[in-house]
Amino acid sequence: MNTTLLQLKLHRHIFMEQSELPEMPGSLVYVIAGNGVFLWGKRDGLEALIPVSECTIRGLYPVAPFVRLDGPRLPSDLVDYMVQIVRRARSESGLVGFECLFYLAYAAGDPQAWEVTMPSQIQTPVSVRPVLEELDSLAYAQVLMEVHSHPAMSAFYSGTDDRDEKGFRLYGVIGLPWSPDGDQAGQVEICMRISIFGSYWDIPPEWVLDLPDGLVAAGPQDDGNHHEEGDTHAKETAS
Ligand SMILES: [Zn+2]
């Protein structure tokens, strides 16, 4: 019985009793360190050590969290490609924008070559969802970064995003503030976080992508204030 339990154990646990991280004992590891509890995860193309809870634990060494891609960062031309599509995703009148969803993965598994795809998707001004029946689940498993847009809103993670973004990958939001008359009203911005199966860590987007001209990193996220996309959209379009 005990042997079976051990084989099924998903997470490993280590104490930082030495100054360097040891060899990874499993693909999901809780690290108890002098500066808190961290989650260490590794999958094809991506490895990260993210803070779960900050605290001081005397007698253990500290660790420094990180996000590590197998290859280079997402190049600015691919980021700009997404921004241009997001800008054009509007109703015929131009007054209403629709959310867009992008998947980014290594082409044929080669970490030197990023590729961007748009899955078949259902787009509204306040939501976007892939058409699950048409989703290639094998290809989706290789997706390292998922980016969606917020037309007429800033870049932030909504309650819906928190419910949807439970994989082990990077998740980004492109915010595209527009004024009610259809003009672009503000600076286009992007925020980025990593999720290890629903444990999140906000990171500077520049860690994993090159910002093209006209796109800036969003400011720090307001923890504990995860409003809904529809709420914000209604507020902004009503003003
Ligand atoms: Zn969202």
# chains A, B, ... in the order shown; residues from 1 in each chain; ligands from 1

$ residues_near_ligand --ligand "ligand 1" --cutoff "6 Å" --atoms "only C-alpha atoms and all ligand atoms" --output "ChimeraX atom specification"
/A:157-158,161

$ write_last_selection --atoms "C-alpha atoms" --output "compact mmCIF listing (two decimals), in the first residue's frame"
# COMPACT_ATOMS: atom_id res chain seq x y z
CA TYR A 157 -6.10 38.94 -14.97
CA SER A 158 -9.84 38.69 -14.46
CA ASP A 161 -8.78 34.24 -16.44

$ select_by_dssp --residues "range 99-177 of chain A" --states "strand (DSSP E or B)" --output "JSON, numbers by chain"
{"A": [101, 102, 103, 104, 105, 106, 114, 115, 116, 117, 121, 122, 123, 124, 127, 128, 129, 130, 145, 146, 147, 148, 149, 150, 151, 168, 169, 170, 171, 172, 173, 174, 175, 176]}

$ write_last_selection --atoms "N, CA and C atoms" --output "short mmCIF file (atom, residue, chain, number, x, y, z; two decimals), in the first residue's frame"
data_model
loop_
_atom_site.label_atom_id
_atom_site.label_comp_id
_atom_site.auth_asym_id
_atom_site.auth_seq_id
_atom_site.Cartn_x
_atom_site.Cartn_y
_atom_site.Cartn_z
N LEU A 101 -7.38 35.07 -29.01
CA LEU A 101 -6.60 34.07 -28.27
C LEU A 101 -5.49 33.53 -29.16
N PHE A 102 -4.28 33.49 -28.60
CA PHE A 102 -3.11 33.01 -29.35
C PHE A 102 -2.40 31.92 -28.55
N TYR A 103 -1.88 30.95 -29.28
CA TYR A 103 -1.04 29.91 -28.66
C TYR A 103 0.37 30.04 -29.23
N LEU A 104 1.36 29.97 -28.35
CA LEU A 104 2.75 30.06 -28.81
C LEU A 104 3.51 28.81 -28.36
N ALA A 105 4.19 28.23 -29.32
CA ALA A 105 4.92 26.99 -29.04
C ALA A 105 6.17 26.97 -29.92
N TYR A 106 7.02 26.01 -29.66
CA TYR A 106 8.19 25.83 -30.52
C TYR A 106 7.78 25.07 -31.78
N TRP A 114 10.03 29.93 -32.53
CA TRP A 114 8.68 30.09 -32.01
C TRP A 114 7.67 30.11 -33.15
N GLU A 115 6.47 29.62 -32.90
CA GLU A 115 5.39 29.83 -33.87
C GLU A 115 4.13 30.20 -33.11
N VAL A 116 3.34 31.06 -33.75
CA VAL A 116 2.10 31.52 -33.14
C VAL A 116 0.93 30.97 -33.94
N THR A 117 -0.10 30.50 -33.24
CA THR A 117 -1.32 30.06 -33.92
C THR A 117 -2.52 30.66 -33.19
N GLN A 121 -11.91 29.80 -32.39
CA GLN A 121 -12.30 30.42 -31.13
C GLN A 121 -13.61 31.16 -31.23
N ILE A 122 -14.26 31.29 -30.08
CA ILE A 122 -15.51 32.04 -29.97
C ILE A 122 -15.16 33.36 -29.30
N GLN A 123 -15.32 34.45 -30.08
CA GLN A 123 -14.87 35.76 -29.60
C GLN A 123 -16.06 36.64 -29.25
N THR A 124 -16.01 37.28 -28.10
CA THR A 124 -16.98 38.31 -27.75
C THR A 124 -16.16 39.51 -27.26
N SER A 127 -14.94 38.14 -23.74
CA SER A 127 -14.46 36.77 -23.51
C SER A 127 -13.94 36.18 -24.80
N VAL A 128 -13.12 35.16 -24.66
CA VAL A 128 -12.69 34.37 -25.82
C VAL A 128 -12.44 32.95 -25.34
N ARG A 129 -12.92 31.99 -26.12
CA ARG A 129 -12.75 30.58 -25.73
C ARG A 129 -12.39 29.78 -26.97
N PRO A 130 -11.50 28.81 -26.81
CA PRO A 130 -11.25 27.93 -27.96
C PRO A 130 -12.47 27.03 -28.19
N MET A 145 3.07 29.28 -24.14
CA MET A 145 2.58 30.61 -23.78
C MET A 145 1.20 30.81 -24.42
N GLU A 146 0.28 31.31 -23.61
CA GLU A 146 -1.07 31.56 -24.10
C GLU A 146 -1.33 33.05 -23.88
N VAL A 147 -1.75 33.73 -24.92
CA VAL A 147 -1.97 35.17 -24.81
C VAL A 147 -3.40 35.48 -25.27
N HIS A 148 -4.12 36.27 -24.50
CA HIS A 148 -5.41 36.76 -25.00
C HIS A 148 -5.48 38.27 -24.82
N SER A 149 -6.47 38.87 -25.47
CA SER A 149 -6.52 40.34 -25.47
C SER A 149 -7.74 40.83 -24.73
N HIS A 150 -7.64 42.05 -24.26
CA HIS A 150 -8.74 42.77 -23.61
C HIS A 150 -9.01 44.05 -24.38
N PRO A 151 -9.93 44.03 -25.33
CA PRO A 151 -10.25 45.28 -26.02
C PRO A 151 -10.96 46.22 -25.06
N PHE A 168 0.34 24.44 -16.94
CA PHE A 168 1.73 24.76 -16.61
C PHE A 168 2.30 25.43 -17.85
N ARG A 169 2.18 26.76 -17.89
CA ARG A 169 2.68 27.53 -19.02
C ARG A 169 2.65 29.02 -18.66
N LEU A 170 3.11 29.84 -19.58
CA LEU A 170 3.05 31.29 -19.41
C LEU A 170 1.71 31.79 -19.94
N TYR A 171 1.14 32.77 -19.25
CA TYR A 171 -0.12 33.36 -19.69
C TYR A 171 0.04 34.88 -19.75
N GLY A 172 -0.30 35.45 -20.90
CA GLY A 172 -0.19 36.89 -21.07
C GLY A 172 -1.52 37.50 -21.46
N VAL A 173 -1.69 38.79 -21.14
CA VAL A 173 -2.87 39.55 -21.56
C VAL A 173 -2.40 40.83 -22.22
N ILE A 174 -2.92 41.07 -23.43
CA ILE A 174 -2.65 42.34 -24.12
C ILE A 174 -3.86 43.24 -23.87
N GLY A 175 -3.63 44.38 -23.24
CA GLY A 175 -4.69 45.36 -22.99
C GLY A 175 -4.65 46.44 -24.04
N LEU A 176 -5.85 46.74 -24.57
CA LEU A 176 -5.92 47.68 -25.70
C LEU A 176 -7.00 48.71 -25.40
#

$ select_by_dssp --residues "range 98-157 of chain A" --states "alpha helix (DSSP H)" --output "CSV table (one decimal) with N, CA, C and O atoms, in the first residue's frame"
chain,number,residue,atom,x,y,z
A,137,SER,N,-5.5,18.4,-29.0
A,137,SER,CA,-5.0,18.4,-27.6
A,137,SER,C,-3.5,18.1,-27.5
A,137,SER,O,-2.8,18.5,-26.6
A,138,LEU,N,-3.0,17.3,-28.5
A,138,LEU,CA,-1.6,17.0,-28.5
A,138,LEU,C,-0.8,18.3,-28.7
A,138,LEU,O,0.2,18.6,-28.1
A,139,ALA,N,-1.2,19.1,-29.7
A,139,ALA,CA,-0.5,20.4,-30.0
A,139,ALA,C,-0.7,21.3,-28.9
A,139,ALA,O,0.3,22.0,-28.5
A,140,TYR,N,-1.9,21.3,-28.2
A,140,TYR,CA,-2.1,22.2,-27.1
A,140,TYR,C,-1.2,21.9,-25.9
A,140,TYR,O,-0.7,22.8,-25.2
A,141,ALA,N,-0.9,20.6,-25.8
A,141,ALA,CA,0.0,20.3,-24.7
A,141,ALA,C,1.4,20.9,-24.9
A,141,ALA,O,2.2,21.0,-23.9

$ decode --residues "range 142-169 of chain A" --atoms "N, CA, C and O atoms" --output "PDB file, in the first residue's frame"
ATOM      1  N   GLN A 142       1.770  21.170 -26.103  1.00  0.00           N
ATOM      2  CA  GLN A 142       3.097  21.739 -26.381  1.00  0.00           C
ATOM      3  C   GLN A 142       3.121  23.266 -26.252  1.00  0.00           C
ATOM      4  O   GLN A 142       4.178  23.886 -26.389  1.00  0.00           O
ATOM      5  N   VAL A 143       1.967  23.870 -26.033  1.00  0.00           N
ATOM      6  CA  VAL A 143       1.900  25.344 -25.964  1.00  0.00           C
ATOM      7  C   VAL A 143       2.599  25.829 -24.696  1.00  0.00           C
ATOM      8  O   VAL A 143       2.275  25.405 -23.594  1.00  0.00           O
ATOM      9  N   LEU A 144       3.545  26.733 -24.884  1.00  0.00           N
ATOM     10  CA  LEU A 144       4.320  27.251 -23.755  1.00  0.00           C
ATOM     11  C   LEU A 144       3.781  28.590 -23.259  1.00  0.00           C
ATOM     12  O   LEU A 144       4.048  28.985 -22.132  1.00  0.00           O
ATOM     13  N   MET A 145       3.073  29.282 -24.140  1.00  0.00           N
ATOM     14  CA  MET A 145       2.578  30.609 -23.780  1.00  0.00           C
ATOM     15  C   MET A 145       1.202  30.806 -24.423  1.00  0.00           C
ATOM     16  O   MET A 145       1.026  30.488 -25.598  1.00  0.00           O
ATOM     17  N   GLU A 146       0.282  31.309 -23.612  1.00  0.00           N
ATOM     18  CA  GLU A 146      -1.067  31.556 -24.096  1.00  0.00           C
ATOM     19  C   GLU A 146      -1.329  33.045 -23.877  1.00  0.00           C
ATOM     20  O   GLU A 146      -1.111  33.546 -22.765  1.00  0.00           O
ATOM     21  N   VAL A 147      -1.753  33.731 -24.922  1.00  0.00           N
ATOM     22  CA  VAL A 147      -1.975  35.174 -24.808  1.00  0.00           C
ATOM     23  C   VAL A 147      -3.396  35.479 -25.274  1.00  0.00           C
ATOM     24  O   VAL A 147      -3.831  34.968 -26.303  1.00  0.00           O
ATOM     25  N   HIS A 148      -4.118  36.273 -24.502  1.00  0.00           N
ATOM     26  CA  HIS A 148      -5.408  36.758 -24.997  1.00  0.00           C
ATOM     27  C   HIS A 148      -5.476  38.270 -24.818  1.00  0.00           C
ATOM     28  O   HIS A 148      -4.641  38.865 -24.144  1.00  0.00           O
ATOM     29  N   SER A 149      -6.465  38.873 -25.468  1.00  0.00           N
ATOM     30  CA  SER A 149      -6.518  40.339 -25.471  1.00  0.00           C
ATOM     31  C   SER A 149      -7.745  40.828 -24.725  1.00  0.00           C
ATOM     32  O   SER A 149      -8.735  40.116 -24.585  1.00  0.00           O
ATOM     33  N   HIS A 150      -7.644  42.055 -24.262  1.00  0.00           N
ATOM     34  CA  HIS A 150      -8.743  42.768 -23.605  1.00  0.00           C
ATOM     35  C   HIS A 150      -9.010  44.052 -24.384  1.00  0.00           C
ATOM     36  O   HIS A 150      -8.365  45.065 -24.129  1.00  0.00           O
ATOM     37  N   PRO A 151      -9.932  44.027 -25.326  1.00  0.00           N
ATOM     38  CA  PRO A 151     -10.249  45.277 -26.017  1.00  0.00           C
ATOM     39  C   PRO A 151     -10.958  46.224 -25.056  1.00  0.00           C
ATOM     40  O   PRO A 151     -11.776  45.782 -24.238  1.00  0.00           O
ATOM     41  N   ALA A 152     -10.640  47.479 -25.139  1.00  0.00           N
ATOM     42  CA  ALA A 152     -11.263  48.517 -24.297  1.00  0.00           C
ATOM     43  C   ALA A 152     -10.991  48.305 -22.815  1.00  0.00           C
ATOM     44  O   ALA A 152     -11.749  48.750 -21.957  1.00  0.00           O
ATOM     45  N   MET A 153      -9.937  47.565 -22.517  1.00  0.00           N
ATOM     46  CA  MET A 153      -9.596  47.331 -21.112  1.00  0.00           C
ATOM     47  C   MET A 153      -8.080  47.314 -20.970  1.00  0.00           C
ATOM     48  O   MET A 153      -7.351  47.104 -21.935  1.00  0.00           O
ATOM     49  N   SER A 154      -7.650  47.463 -19.734  1.00  0.00           N
ATOM     50  CA  SER A 154      -6.223  47.364 -19.475  1.00  0.00           C
ATOM     51  C   SER A 154      -5.822  45.882 -19.431  1.00  0.00           C
ATOM     52  O   SER A 154      -6.647  44.984 -19.525  1.00  0.00           O
ATOM     53  N   ALA A 155      -4.523  45.658 -19.303  1.00  0.00           N
ATOM     54  CA  ALA A 155      -4.003  44.294 -19.186  1.00  0.00           C
ATOM     55  C   ALA A 155      -4.051  43.888 -17.721  1.00  0.00           C
ATOM     56  O   ALA A 155      -3.376  44.483 -16.890  1.00  0.00           O
ATOM     57  N   PHE A 156      -4.887  42.924 -17.404  1.00  0.00           N
ATOM     58  CA  PHE A 156      -4.990  42.412 -16.032  1.00  0.00           C
ATOM     59  C   PHE A 156      -5.569  41.013 -16.124  1.00  0.00           C
ATOM     60  O   PHE A 156      -6.046  40.591 -17.177  1.00  0.00           O
ATOM     61  N   TYR A 157      -5.537  40.288 -15.001  1.00  0.00           N
ATOM     62  CA  TYR A 157      -6.104  38.942 -14.966  1.00  0.00           C
ATOM     63  C   TYR A 157      -7.456  39.006 -14.279  1.00  0.00           C
ATOM     64  O   TYR A 157      -7.558  39.367 -13.112  1.00  0.00           O
ATOM     65  N   SER A 158      -8.484  38.654 -15.018  1.00  0.00           N
ATOM     66  CA  SER A 158      -9.838  38.685 -14.456  1.00  0.00           C
ATOM     67  C   SER A 158     -10.098  37.407 -13.681  1.00  0.00           C
ATOM     68  O   SER A 158      -9.329  36.442 -13.733  1.00  0.00           O
ATOM     69  N   GLY A 159     -11.206  37.389 -12.969  1.00  0.00           N
ATOM     70  CA  GLY A 159     -11.624  36.171 -12.285  1.00  0.00           C
ATOM     71  C   GLY A 159     -11.792  35.026 -13.269  1.00  0.00           C
ATOM     72  O   GLY A 159     -11.445  33.877 -12.982  1.00  0.00           O
ATOM     73  N   THR A 160     -12.311  35.344 -14.466  1.00  0.00           N
ATOM     74  CA  THR A 160     -12.456  34.318 -15.508  1.00  0.00           C
ATOM     75  C   THR A 160     -11.083  33.781 -15.905  1.00  0.00           C
ATOM     76  O   THR A 160     -10.892  32.575 -16.060  1.00  0.00           O
ATOM     77  N   ASP A 161     -10.125  34.683 -16.064  1.00  0.00           N
ATOM     78  CA  ASP A 161      -8.775  34.238 -16.436  1.00  0.00           C
ATOM     79  C   ASP A 161      -8.205  33.307 -15.363  1.00  0.00           C
ATOM     80  O   ASP A 161      -7.595  32.285 -15.676  1.00  0.00           O
ATOM     81  N   ASP A 162      -8.426  33.656 -14.090  1.00  0.00           N
ATOM     82  CA  ASP A 162      -7.918  32.794 -13.014  1.00  0.00           C
ATOM     83  C   ASP A 162      -8.552  31.409 -13.074  1.00  0.00           C
ATOM     84  O   ASP A 162      -7.901  30.404 -12.792  1.00  0.00           O
ATOM     85  N   ARG A 163      -9.824  31.360 -13.458  1.00  0.00           N
ATOM     86  CA  ARG A 163     -10.486  30.050 -13.531  1.00  0.00           C
ATOM     87  C   ARG A 163      -9.999  29.260 -14.740  1.00  0.00           C
ATOM     88  O   ARG A 163      -9.918  28.036 -14.697  1.00  0.00           O
ATOM     89  N   ASP A 164      -9.658  29.966 -15.825  1.00  0.00           N
ATOM     90  CA  ASP A 164      -9.268  29.280 -17.068  1.00  0.00           C
ATOM     91  C   ASP A 164      -7.795  28.886 -17.104  1.00  0.00           C
ATOM     92  O   ASP A 164      -7.424  27.922 -17.770  1.00  0.00           O
ATOM     93  N   GLU A 165      -6.942  29.649 -16.441  1.00  0.00           N
ATOM     94  CA  GLU A 165      -5.495  29.516 -16.678  1.00  0.00           C
ATOM     95  C   GLU A 165      -4.870  28.621 -15.618  1.00  0.00           C
ATOM     96  O   GLU A 165      -4.203  29.072 -14.695  1.00  0.00           O
ATOM     97  N   LYS A 166      -5.088  27.329 -15.768  1.00  0.00           N
ATOM     98  CA  LYS A 166      -4.669  26.364 -14.753  1.00  0.00           C
ATOM     99  C   LYS A 166      -3.601  25.412 -15.263  1.00  0.00           C
ATOM    100  O   LYS A 166      -3.321  24.402 -14.617  1.00  0.00           O
ATOM    101  N   GLY A 167      -3.044  25.676 -16.422  1.00  0.00           N
ATOM    102  CA  GLY A 167      -2.033  24.770 -16.949  1.00  0.00           C
ATOM    103  C   GLY A 167      -0.653  25.085 -16.389  1.00  0.00           C
ATOM    104  O   GLY A 167      -0.510  25.901 -15.469  1.00  0.00           O
ATOM    105  N   PHE A 168       0.341  24.435 -16.940  1.00  0.00           N
ATOM    106  CA  PHE A 168       1.735  24.755 -16.612  1.00  0.00           C
ATOM    107  C   PHE A 168       2.299  25.435 -17.850  1.00  0.00           C
ATOM    108  O   PHE A 168       2.767  24.783 -18.771  1.00  0.00           O
ATOM    109  N   ARG A 169       2.180  26.755 -17.892  1.00  0.00           N
ATOM    110  CA  ARG A 169       2.677  27.534 -19.015  1.00  0.00           C
ATOM    111  C   ARG A 169       2.650  29.017 -18.660  1.00  0.00           C
ATOM    112  O   ARG A 169       2.209  29.387 -17.575  1.00  0.00           O
TER     113      ARG A 169
END
